[in-house]
Structure formats: structure tokens, C-alpha cells
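As C-alpha cells, the structure follows; a few thoughts come after it.
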Amino acid sequence: MNILGLSCFYHDSAAALIQDGEILAAAQEERFSRIKHDHDFPRQAVASCLEQAGMTVANIDYIVFYEKPLLKFERILETYLSYAPLGLRSFLMAMPLWLKKKLWIPDLIRKELGFQGEILFTEHHQAHAAAAFFPSPFSEAAILTMDGVGEWATTSWGSGRANHLDLQAEIHFPHSLGLLYSAFTYYTGFKVNSGEYKVMGLAPYGEPRYVQTILDNLIDLREDGSFRLNMKWFNYGAGLTMTDRRFHKLFGGPPRKPESALTQREMDLARSVQEVTEMVMLRAAAHVHIQTGSKNLCLAGGVALNCVGNGRILREGPFKKIWIQPAAGDAGGALGAALFAWYQILGNPRPPRGIHDHQKGSLLGPEFSEEEIRAFLEEKKLPFRKMTTAQLLDRVSDLIATGQVIGWFQGRMEFGPRALGSRSIIGDARSPEMQSRMNVKIKFRESFRPFAPAVLEEEAAEWFEIDHSSPYMLLTAPVRREKRRAMTTAEKKLWGIDKLKVIRSEIPAITHVDYSARLQTISAREHGLFYRLVKHFFQKTGCPVIINTSFNVRGEPIVCTPEEAWRCFMRTGMDVLVLGHYLLDKQEQPPLSGDSDWRKTYELD
């Protein structure tokens, strides 16, 4: 039986295809449309999933949508009515899309895909919970989902056992941890539903000066992790912004203008909301443990992308093991919807779990054969070298060790927001200059942004304080003390962005200012050629860690095709591009025609 799951019309639209419970393919629409966080109907993602499986729509038995539109529309109407006459402008802006598309999902699916079969619906947080539990390695687990908002729910918890989910409690809109975090994302000058991870990255530069202000005024937080927001400080209920004048007065001024200089105030605000978020996550996890008695925890929803909070749950919480859906946001809702239908609605048995999850490394997108890559290179008349696997691993590991930055394009594209070794930019984590160089000259993004390490799974505990795998880059862990560098008295006195100048460890390019790292553990089982590359680098240098960041520039989705990878390579300061077994040296490439002004384009978010 073939089931297609869909998510769309908020952000990060996606499609996922399963067959008899096995995940065959999943992809976000943004990777094909090239519109970051694209919310439109995922027609190209659907086409890609079907192509990868060798199917057409005629082979699909069920299509499942990741939320219930009528229930969500009820929430929209009730919210606007409760604020009326305020919010009229926002209401008038929202209604056309609802009246033209969102209320007619079955008709839209049939029109877009030509599908004649049965269409099913899950609730938004049911889809998140299914995406968290069903691919996990656990036969039973507690489940915690937290995000901005679905239909009404913003947080839910429950348990999963075998093929069944039982969600036992919810927190409803407008009380939302995700929207609290997004309010500070907006207030500190970043894009909502896009820049939250920037706030998380900025937090260690600040001090928690506003934690008590948040707890005293914005959120009523209980010991069990439940909470209510004081909506007099927010504008998202029916307005066009996240915060209003009262919020701005409370925190000492208007929102930061996007692209303007960051000040200590933004850093302190980021640190404060991050600490409150972690407080909520830890209390909620402790409560769910008490209620379920499970040793395992599954997480999903946009808040589950907060890898700092996840790391604290793992280190300080009561659970022995946790598993986080790598596409934790709305994109993962497409996968969860399909799995919920297979197991919960249709009642199919779920096989016993082993030690490994069933997410297949989240390498679920399209791949390109060596023949397809060569055809592209020859069509463009690009100079390249074809290498054997042994030659490629030897050459690229040498290039990394000598400070070169590599565009690495291999195998199936990742599903979720992180590059996991298929569409990656990689470099030497030992280099003190590499973080600044890659941020400014390659990614064209803020200098404070940390890079993630990819580390051999069997060596991770030697370099980081972690005894748990982290294949999806969704956990932070401190760099081990013996790998750290002692700071001088003068360095300890540095504040704000000046902290970035300090070399803190043997792997400074991935060591954040609080000595943490958002690490990816890589294994031979899941990461194939990428694992072997890092293994070669380890054998040559004694360091099993490299930088792994997504193959894109600021404001652009991760690359999907060889041509997109080549164009990104040519428009940035990368030194070498590896497409499959083909190596391209920047110095040998012809100029990229018609792109003389590419830097201006890519400096804009």
C-alpha cells in the first residue's frame, strides 16, 4: 500500500511517500522552487517522491493532509472575533487564501495531482507526534510536541506504543512557546519562521538580564511545564506584527531594524528567551516522564529544532534515550501524516524496533547518477577530474587538511533543515580562521553564527561530553575539557561579539563561545562515503572532526541539483567542488557569465 503525505500553506511545504510503512522518499518544496521555506502546494516535491519510487499518482492508495483545515479555520475566526474590531486588516489579508485554497484541500489535491482515491486528514500535532514516534527506534516512548500553532494546539504530550499514539493533553493558542520565541526573533530583527536559530546562536554572547522580566510579565510558567502567555504584550493574535508598543517599552526600545548592527541588548534578549525556553522544555519533559513512566522520549514540532534545549533534556532530564524527528517542523508533518494513516487509522502492525531508527539517515530526497553529473559537466564544458573512490578520499582529505573549503555533493538529498553529508560545505575544524572565512566569504551571513561539527560516531565521546548518538545535528554537547584552551585574564573580560575572537579549543571553528557544539555523529552504516572521508582525515591528522554546514548561501535553500551546486560554488569563496566522483577546482573554472553582481544579491537575506 502506497500513502502520500502532504503539508503546505503555512511554511516549509513538503511531501512524503511511504509503502507498507517504509519511508521511500520525502522532500521539501523549497528545494525545487528555490523559494526558501516555500509554503505553496508541494507539487514539485510530490513529483520528485513519485519519480524516486518509480510511481505515478495512479499507484497511490491514500493521500493524507497534515492538519484539519476546518478546525484551523474555526480557530482563525474565533481569534479575529475575540479581537474585533482590532485586526481587521490582518483578517482581510488572510481571508482570500482561505477562501480560495485552504478550505478546499480535497478539491485542490484532486486538481493539482489528478488523484481519484481517498483523502484523509490528521490533526497537526497528531502528525508531529507520528513523525516523532513511528520512525523512532523505540517500541514505546513518551512524546512531546511543541511548535507555534497547529489548529488549536501549540503543545501536546502523550505516549506511543507499538502502532498506536495516545495524546493526553494540549496547550492551546494563543499560549505558545514557539510564538513566544518567534516574538523575540521578530524583536531582535530576524525573520519569523526562519531566524529562530539565529536567536539561539546569538544567545551565548549575551547575559540573561531579561529572564525575570519575561517570567514576571510575559509567561505564567507552572512546575509541570504548562504555561499561559499574557497577551497584552503581544500583537500576533490578530495583528500583522509579533509585538506591540507595550512590549517595546517593557524591553527598552523598538525592535531592531533588520540588517542593522547587533548590540548587547539583542544578545541579552536572545540569551534570556533561550533560557526561559529551556526552562519550559525541561519542566515539560519532567512532567511527561512522571505521567508516562517511559525511559524514552520522542520530540517533534518546531521547538524541537532548538538543539540547545534538546541537549539539556538529554543531559539533565529523566529520560535515558531521546529521539528527535530531523524534519521536526511543518515539513515533517507530511511524513507524520502518512505514518499516522498507515498505523493509527488503518491499524497496520508496527514491527519490533531494534537499536536503529527507520528514518534512513533522513537521506530521502533525489539523487543524481554519475552519468547525469557527467552529462551536466560536459554540457557546460566545465573542466573536471574523474577520480576513483580511493583517489577522491585521499585528495579531498588532503585539501581539507590544508585549509581548503569543499562543496560536497553526494547521494540522496537530506529531508529536514540540516545538511547531513549529502549537500554539505565542509572544512577543517582545527582552523582558527575557518569560522569567520566561511561565514563572511562563503555563506554571506552573520559572523556570530556557529558551524556544526561532523564527528566519527565512535570518536565522539573523546571530543565531546556526550554518550548518545546525534545523527541529525539536533543536540548540542560541550567540547571536552581536555580539548579546550585556557583563556587569558584579558580574554575572560571580553563581551558580546568580541568573544568570537578567542580560540577556545583544539577545534575552534566549531566551538561556540560557551564551549558547546551542535554536533552530528556519523556512522559507516548511514553515512557511507562521507563517513569514509572523515575517517581518512582522522587517519592523516589525528582529528575525527570536520566542519559540516549546509550547501547554500544566506537566504537560499540547500542545493538540490548538480547545476545548483555548481552555481553556488562559483558564486562563493569555495575552493573545490566534488560532484559524485568528479572534482572541480575553482582556479580552473571559466567565469560565471551574467553574474558580475552576484555578491550584492547574496548579501541580502
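Every chain in the C-alpha cells takes a letter, A first, then B, and so on in the order presented; its residues are numbered from 1, and the ligands are numbered from 1 following the presented order.
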Taking only residues of stretch 497-599 of chain A that have an atom at most 12 Å from an atom of stretch 450-462 of chain A, what is each one's shortest atom pair and its distance in Å to one decimal, using only C-alpha atoms, in chain and number order, as CSV?
residue,atom,partner,partner_atom,distance
A:Leu500,CA,A:Pro450,CA,9.7
A:Ile507,CA,A:Pro453,CA,9.1
A:Pro508,CA,A:Phe451,CA,10.0
A:Ala509,CA,A:Phe451,CA,6.9
A:Ile510,CA,A:Phe451,CA,5.2
A:Thr511,CA,A:Pro450,CA,7.5
A:His512,CA,A:Pro450,CA,6.0
A:Val513,CA,A:Pro450,CA,8.8
A:Asp514,CA,A:Pro450,CA,10.9
A:Tyr515,CA,A:Pro450,CA,11.0
A:Ser516,CA,A:Pro450,CA,9.7
A:Ala517,CA,A:Ala452,CA,6.3
A:Arg518,CA,A:Ala452,CA,5.2
A:Leu519,CA,A:Pro453,CA,5.0
A:Gln520,CA,A:Ala454,CA,4.7
A:Thr521,CA,A:Glu457,CA,4.7
A:Ile522,CA,A:Leu456,CA,5.1
A:Ser523,CA,A:Glu457,CA,5.7
A:Ala524,CA,A:Leu456,CA,8.8
A:Arg525,CA,A:Glu457,CA,10.6
A:Glu526,CA,A:Glu457,CA,10.9
A:His527,CA,A:Leu456,CA,10.1
A:Gly528,CA,A:Leu456,CA,11.7
A:Phe530,CA,A:Ala454,CA,9.5
A:Tyr531,CA,A:Leu456,CA,7.0
A:Arg532,CA,A:Leu456,CA,9.4
A:Leu533,CA,A:Leu456,CA,10.2
A:Val534,CA,A:Leu456,CA,7.1
A:Lys535,CA,A:Leu456,CA,7.2
A:His536,CA,A:Leu456,CA,10.8
A:Phe537,CA,A:Leu456,CA,10.5
A:Phe538,CA,A:Leu456,CA,8.8
A:Gln539,CA,A:Leu456,CA,11.6
A:Gly542,CA,A:Glu459,CA,10.8
A:Cys543,CA,A:Val455,CA,8.9
A:Pro544,CA,A:Val455,CA,5.6
A:Val545,CA,A:Val455,CA,4.5
A:Ile546,CA,A:Ala454,CA,5.5
A:Ile547,CA,A:Pro453,CA,4.7
A:Asn548,CA,A:Pro453,CA,5.6
A:Thr549,CA,A:Phe451,CA,6.4
A:Ser550,CA,A:Phe451,CA,9.6
Taking the backbone alone, and naming residues the way the document does, which bits of stretch 515-580 of chain A are alpha helix (DSSP H) by DSSP, as a short mmCIF file (atom, residue, chain, number, x, y, z; two decimals) with C-alpha atoms, in the first residue's frame?
data_model
loop_
_atom_site.label_atom_id
_atom_site.label_comp_id
_atom_site.auth_asym_id
_atom_site.auth_seq_id
_atom_site.Cartn_x
_atom_site.Cartn_y
_atom_site.Cartn_z
CA ALA A 524 29.57 3.81 8.38
CA ARG A 525 26.05 2.36 8.34
CA GLU A 526 24.25 5.60 7.48
CA HIS A 527 26.79 7.97 6.00
CA GLY A 528 28.82 5.86 3.58
CA LEU A 529 31.29 7.94 1.58
CA PHE A 530 31.03 10.92 3.95
CA TYR A 531 32.00 8.70 6.88
CA ARG A 532 34.96 7.31 4.93
CA LEU A 533 36.13 10.83 4.08
CA VAL A 534 36.18 11.90 7.74
CA LYS A 535 37.87 8.59 8.60
CA HIS A 536 40.64 9.40 6.08
CA PHE A 537 41.00 12.88 7.53
CA PHE A 538 41.26 11.36 11.03
CA GLN A 539 43.95 8.92 9.96
CA LYS A 540 46.00 11.75 8.45
CA THR A 541 45.54 14.39 11.14
CA PRO A 562 24.41 19.42 -9.69
CA GLU A 563 23.82 22.70 -11.53
CA GLU A 564 22.61 24.45 -8.37
CA ALA A 565 25.67 23.13 -6.53
CA TRP A 566 27.99 24.41 -9.28
CA ARG A 567 26.38 27.86 -9.36
CA CYS A 568 26.62 28.17 -5.57
CA PHE A 569 30.26 27.05 -5.78
CA MET A 570 31.05 29.66 -8.44
#
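The set of residues in stretch 499-601 of chain A assigned to strand (DSSP E or B) by DSSP, using only backbone atoms of this structure, is Ser505, Ser516, Ala517, Arg518, Leu519, Gln520, Thr521, Ile522, Val545, Ile546, Ile547, Asn548, Thr549, Ser550, Val576, Leu577, Val578, Leu579, Tyr582, Leu583, Leu584 and Asp585 of chain A.
Residues within 8 Å of A:Met434, counting only C-alpha atoms and excluding same-chain residues fewer than 4 positions away, are Gly403, Gly427, Asp428, Ala429, Met438 and Ala509 of chain A.
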- Message: I'd like the neighbourhood of stretch 348-354 of chain A as an MDAnalysis selection string, where a residue qualifies if any of its atoms comes within 9 Å (using only C-alpha atoms), though same-chain residues fewer than 2 positions away should be ignored.
- Response: chainID A and resid 20:21 134 136:139 162:164 342:346 356:358
File dump, residues just selected, C-alpha atoms, as a compact mmCIF listing (two decimals), in the first residue's frame:
# COMPACT_ATOMS: atom_id res chain seq x y z
CA ASP A 20 3.68 -0.57 3.71
CA GLY A 21 5.05 1.67 6.47
CA PHE A 134 6.80 5.90 14.38
CA SER A 136 11.99 6.14 16.13
CA PRO A 137 13.92 3.10 17.38
CA PHE A 138 11.52 2.74 20.33
CA SER A 139 8.70 0.23 20.73
CA ALA A 162 3.64 -0.32 19.05
CA ASN A 163 1.31 1.07 16.35
CA HIS A 164 -0.73 3.46 18.49
CA TRP A 342 -0.74 3.64 8.00
CA TYR A 343 -0.51 2.76 11.67
CA GLN A 344 -3.23 4.58 13.58
CA ILE A 345 -6.06 4.95 11.07
CA LEU A 346 -5.56 1.74 9.10
CA HIS A 356 18.39 1.86 14.80
CA ASP A 357 15.66 4.25 13.72
CA HIS A 358 13.74 3.88 10.46
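If only C-alpha atoms are the atoms counted, then among A:Met487, A:Cys8, A:Ala183, A:Cys298 the closest residue to A:Leu108 is A:Cys8.
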Name all residues at most 12 Å from A:Arg395 (count only C-alpha atoms; drop same-chain ones fewer than 5 positions away) and give them as a PDB file with N, CA and C atoms, in the first residue's frame.
ATOM      1  N   ARG A 385      38.041  16.568 -12.981  1.00  0.00           N
ATOM      2  CA  ARG A 385      38.831  15.351 -12.882  1.00  0.00           C
ATOM      3  C   ARG A 385      37.928  14.234 -12.371  1.00  0.00           C
ATOM      4  N   LYS A 386      37.882  13.125 -13.083  1.00  0.00           N
ATOM      5  CA  LYS A 386      37.140  11.943 -12.621  1.00  0.00           C
ATOM      6  C   LYS A 386      38.085  11.099 -11.769  1.00  0.00           C
ATOM      7  N   MET A 387      37.652  10.725 -10.592  1.00  0.00           N
ATOM      8  CA  MET A 387      38.505  10.015  -9.663  1.00  0.00           C
ATOM      9  C   MET A 387      37.872   8.703  -9.216  1.00  0.00           C
ATOM     10  N   THR A 388      38.713   7.759  -8.863  1.00  0.00           N
ATOM     11  CA  THR A 388      38.231   6.570  -8.183  1.00  0.00           C
ATOM     12  C   THR A 388      37.880   6.962  -6.740  1.00  0.00           C
ATOM     13  N   THR A 389      37.185   6.077  -6.052  1.00  0.00           N
ATOM     14  CA  THR A 389      36.834   6.371  -4.661  1.00  0.00           C
ATOM     15  C   THR A 389      38.080   6.597  -3.823  1.00  0.00           C
ATOM     16  N   ALA A 390      39.088   5.743  -3.982  1.00  0.00           N
ATOM     17  CA  ALA A 390      40.323   5.881  -3.200  1.00  0.00           C
ATOM     18  C   ALA A 390      41.019   7.210  -3.500  1.00  0.00           C
ATOM     19  N   ILE A 400      41.146  19.369   2.694  1.00  0.00           N
ATOM     20  CA  ILE A 400      40.591  19.869   3.954  1.00  0.00           C
ATOM     21  C   ILE A 400      41.720  20.191   4.929  1.00  0.00           C
ATOM     22  N   ALA A 401      42.679  19.289   5.041  1.00  0.00           N
ATOM     23  CA  ALA A 401      43.772  19.454   5.998  1.00  0.00           C
ATOM     24  C   ALA A 401      44.644  20.672   5.691  1.00  0.00           C
ATOM     25  N   THR A 402      44.641  21.124   4.446  1.00  0.00           N
ATOM     26  CA  THR A 402      45.439  22.298   4.068  1.00  0.00           C
ATOM     27  C   THR A 402      44.609  23.573   3.999  1.00  0.00           C
ATOM     28  N   GLN A 404      41.465  24.126   2.636  1.00  0.00           N
ATOM     29  CA  GLN A 404      40.558  24.368   1.519  1.00  0.00           C
ATOM     30  C   GLN A 404      39.110  24.143   1.963  1.00  0.00           C
ATOM     31  N   ILE A 406      35.391  22.923   0.781  1.00  0.00           N
ATOM     32  CA  ILE A 406      34.913  21.970  -0.225  1.00  0.00           C
ATOM     33  C   ILE A 406      33.393  21.982  -0.293  1.00  0.00           C
ATOM     34  N   LEU A 533      35.312   9.616   4.247  1.00  0.00           N
ATOM     35  CA  LEU A 533      36.126  10.826   4.076  1.00  0.00           C
ATOM     36  C   LEU A 533      36.643  11.322   5.429  1.00  0.00           C
ATOM     37  N   HIS A 536      39.352   9.100   6.711  1.00  0.00           N
ATOM     38  CA  HIS A 536      40.637   9.395   6.076  1.00  0.00           C
ATOM     39  C   HIS A 536      41.279  10.621   6.712  1.00  0.00           C
ATOM     40  N   PHE A 537      40.488  11.649   6.926  1.00  0.00           N
ATOM     41  CA  PHE A 537      41.004  12.878   7.533  1.00  0.00           C
ATOM     42  C   PHE A 537      41.542  12.570   8.938  1.00  0.00           C
ATOM     43  N   LYS A 540      44.906  10.864   8.865  1.00  0.00           N
ATOM     44  CA  LYS A 540      46.003  11.750   8.454  1.00  0.00           C
ATOM     45  C   LYS A 540      46.342  12.804   9.503  1.00  0.00           C
ATOM     46  N   VAL A 576      36.946  24.131  -3.915  1.00  0.00           N
ATOM     47  CA  VAL A 576      36.810  22.904  -4.699  1.00  0.00           C
ATOM     48  C   VAL A 576      35.363  22.421  -4.595  1.00  0.00           C
ATOM     49  N   VAL A 578      33.042  18.924  -5.262  1.00  0.00           N
ATOM     50  CA  VAL A 578      33.016  17.491  -5.531  1.00  0.00           C
ATOM     51  C   VAL A 578      31.581  17.098  -5.840  1.00  0.00           C
ATOM     52  N   HIS A 581      31.934  11.531  -8.070  1.00  0.00           N
ATOM     53  CA  HIS A 581      33.366  11.245  -8.169  1.00  0.00           C
ATOM     54  C   HIS A 581      34.096  12.246  -9.063  1.00  0.00           C
ATOM     55  N   TYR A 582      33.464  13.385  -9.318  1.00  0.00           N
ATOM     56  CA  TYR A 582      34.073  14.410 -10.163  1.00  0.00           C
ATOM     57  C   TYR A 582      34.524  15.579  -9.294  1.00  0.00           C
ATOM     58  N   LEU A 583      35.760  15.998  -9.464  1.00  0.00           N
ATOM     59  CA  LEU A 583      36.346  17.092  -8.686  1.00  0.00           C
ATOM     60  C   LEU A 583      36.595  18.293  -9.592  1.00  0.00           C
ATOM     61  N   LEU A 584      36.103  19.469  -9.173  1.00  0.00           N
ATOM     62  CA  LEU A 584      36.263  20.711  -9.917  1.00  0.00           C
ATOM     63  C   LEU A 584      37.058  21.696  -9.064  1.00  0.00           C
ATOM     64  N   ASP A 585      38.147  22.218  -9.633  1.00  0.00           N
ATOM     65  CA  ASP A 585      38.988  23.207  -8.963  1.00  0.00           C
ATOM     66  C   ASP A 585      38.529  24.599  -9.385  1.00  0.00           C
TER      67      ASP A 585
END
- Item | Surrounding residues of A:Asp216 excluding itself and chain neighbours under 5 positions, 12 Å, only C-alpha atoms, as an MDAnalysis selection string | chainID A and resid 210:211 221 228:230 233 250 276
Can those selected residues be exported to a file as a short mmCIF file (atom, residue, chain, number, x, y, z; two decimals), in the first residue's frame so that it contains N, CA and C atoms?
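Final output, saved to again.cif:
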data_model
loop_
_atom_site.label_atom_id
_atom_site.label_comp_id
_atom_site.auth_asym_id
_atom_site.auth_seq_id
_atom_site.Cartn_x
_atom_site.Cartn_y
_atom_site.Cartn_z
N TYR A 210 17.07 39.60 31.10
CA TYR A 210 15.63 39.80 30.98
C TYR A 210 14.81 38.57 31.37
N VAL A 211 15.46 37.55 31.92
CA VAL A 211 14.73 36.33 32.27
C VAL A 211 13.60 36.63 33.25
N LEU A 221 4.50 30.45 34.09
CA LEU A 221 5.05 29.11 33.93
C LEU A 221 4.83 28.30 35.20
N ARG A 228 0.82 29.91 30.46
CA ARG A 228 -0.07 30.83 29.77
C ARG A 228 0.71 32.11 29.48
N LEU A 229 0.48 32.69 28.31
CA LEU A 229 1.10 33.96 27.96
C LEU A 229 0.14 35.10 28.30
N ASN A 230 0.68 36.22 28.72
CA ASN A 230 -0.09 37.44 28.95
C ASN A 230 -0.18 38.17 27.62
N TRP A 233 0.93 41.86 25.94
CA TRP A 233 2.26 42.25 25.48
C TRP A 233 2.52 41.86 24.03
N LEU A 250 8.52 47.74 27.52
CA LEU A 250 8.96 46.83 28.57
C LEU A 250 10.43 46.47 28.42
N VAL A 276 14.56 30.90 29.14
CA VAL A 276 13.16 30.63 29.50
C VAL A 276 12.65 29.44 28.70
#
Listing only residues of stretch 228-291 of chain A within 7 Å of stretch 301-320 of chain A, what is the closest atom pair and its distance in Å (to one decimal) for each, using only C-alpha atoms, sorted by chain and residue number ascending, as CSV?
residue,atom,partner,partner_atom,distance
A:Glu278,CA,A:Gly309,CA,5.0
A:Met281,CA,A:Gly309,CA,6.7
A:Leu282,CA,A:Ile313,CA,5.9
A:Ala286,CA,A:Pro318,CA,6.4
A:His289,CA,A:Pro318,CA,6.9
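One finds atom CA of A:Pro557 at 28.8 Å from atom CA of A:Phe115.
Comparing A:Glu378, A:Glu372, A:Glu556, A:Glu123 by their smallest distance to A:Phe444, the closest is A:Glu556 (using only C-alpha atoms).
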- Item | Selected residue, from A:Val57, A:Ile35, A:Leu92, A:Val149, that lies nearest to A:Gln116 when counting only C-alpha atoms | A:Val57
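Pairwise distance (atom CA of A:Ala331, atom CA of A:Phe121) equals 15.6 Å.
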- Query: Got a sec: who's within 12 Å of A:Thr241, counting only C-alpha atoms, leaving out chain neighbours fewer than 4 positions off, as a PyMOL selection string?
  - Reply: chain A and resi 87+89-90+179+182-187+189+191-192+233-237+245+247+255
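One finds atom CA of A:Asp330 at 9.8 Å from atom CA of A:His39.
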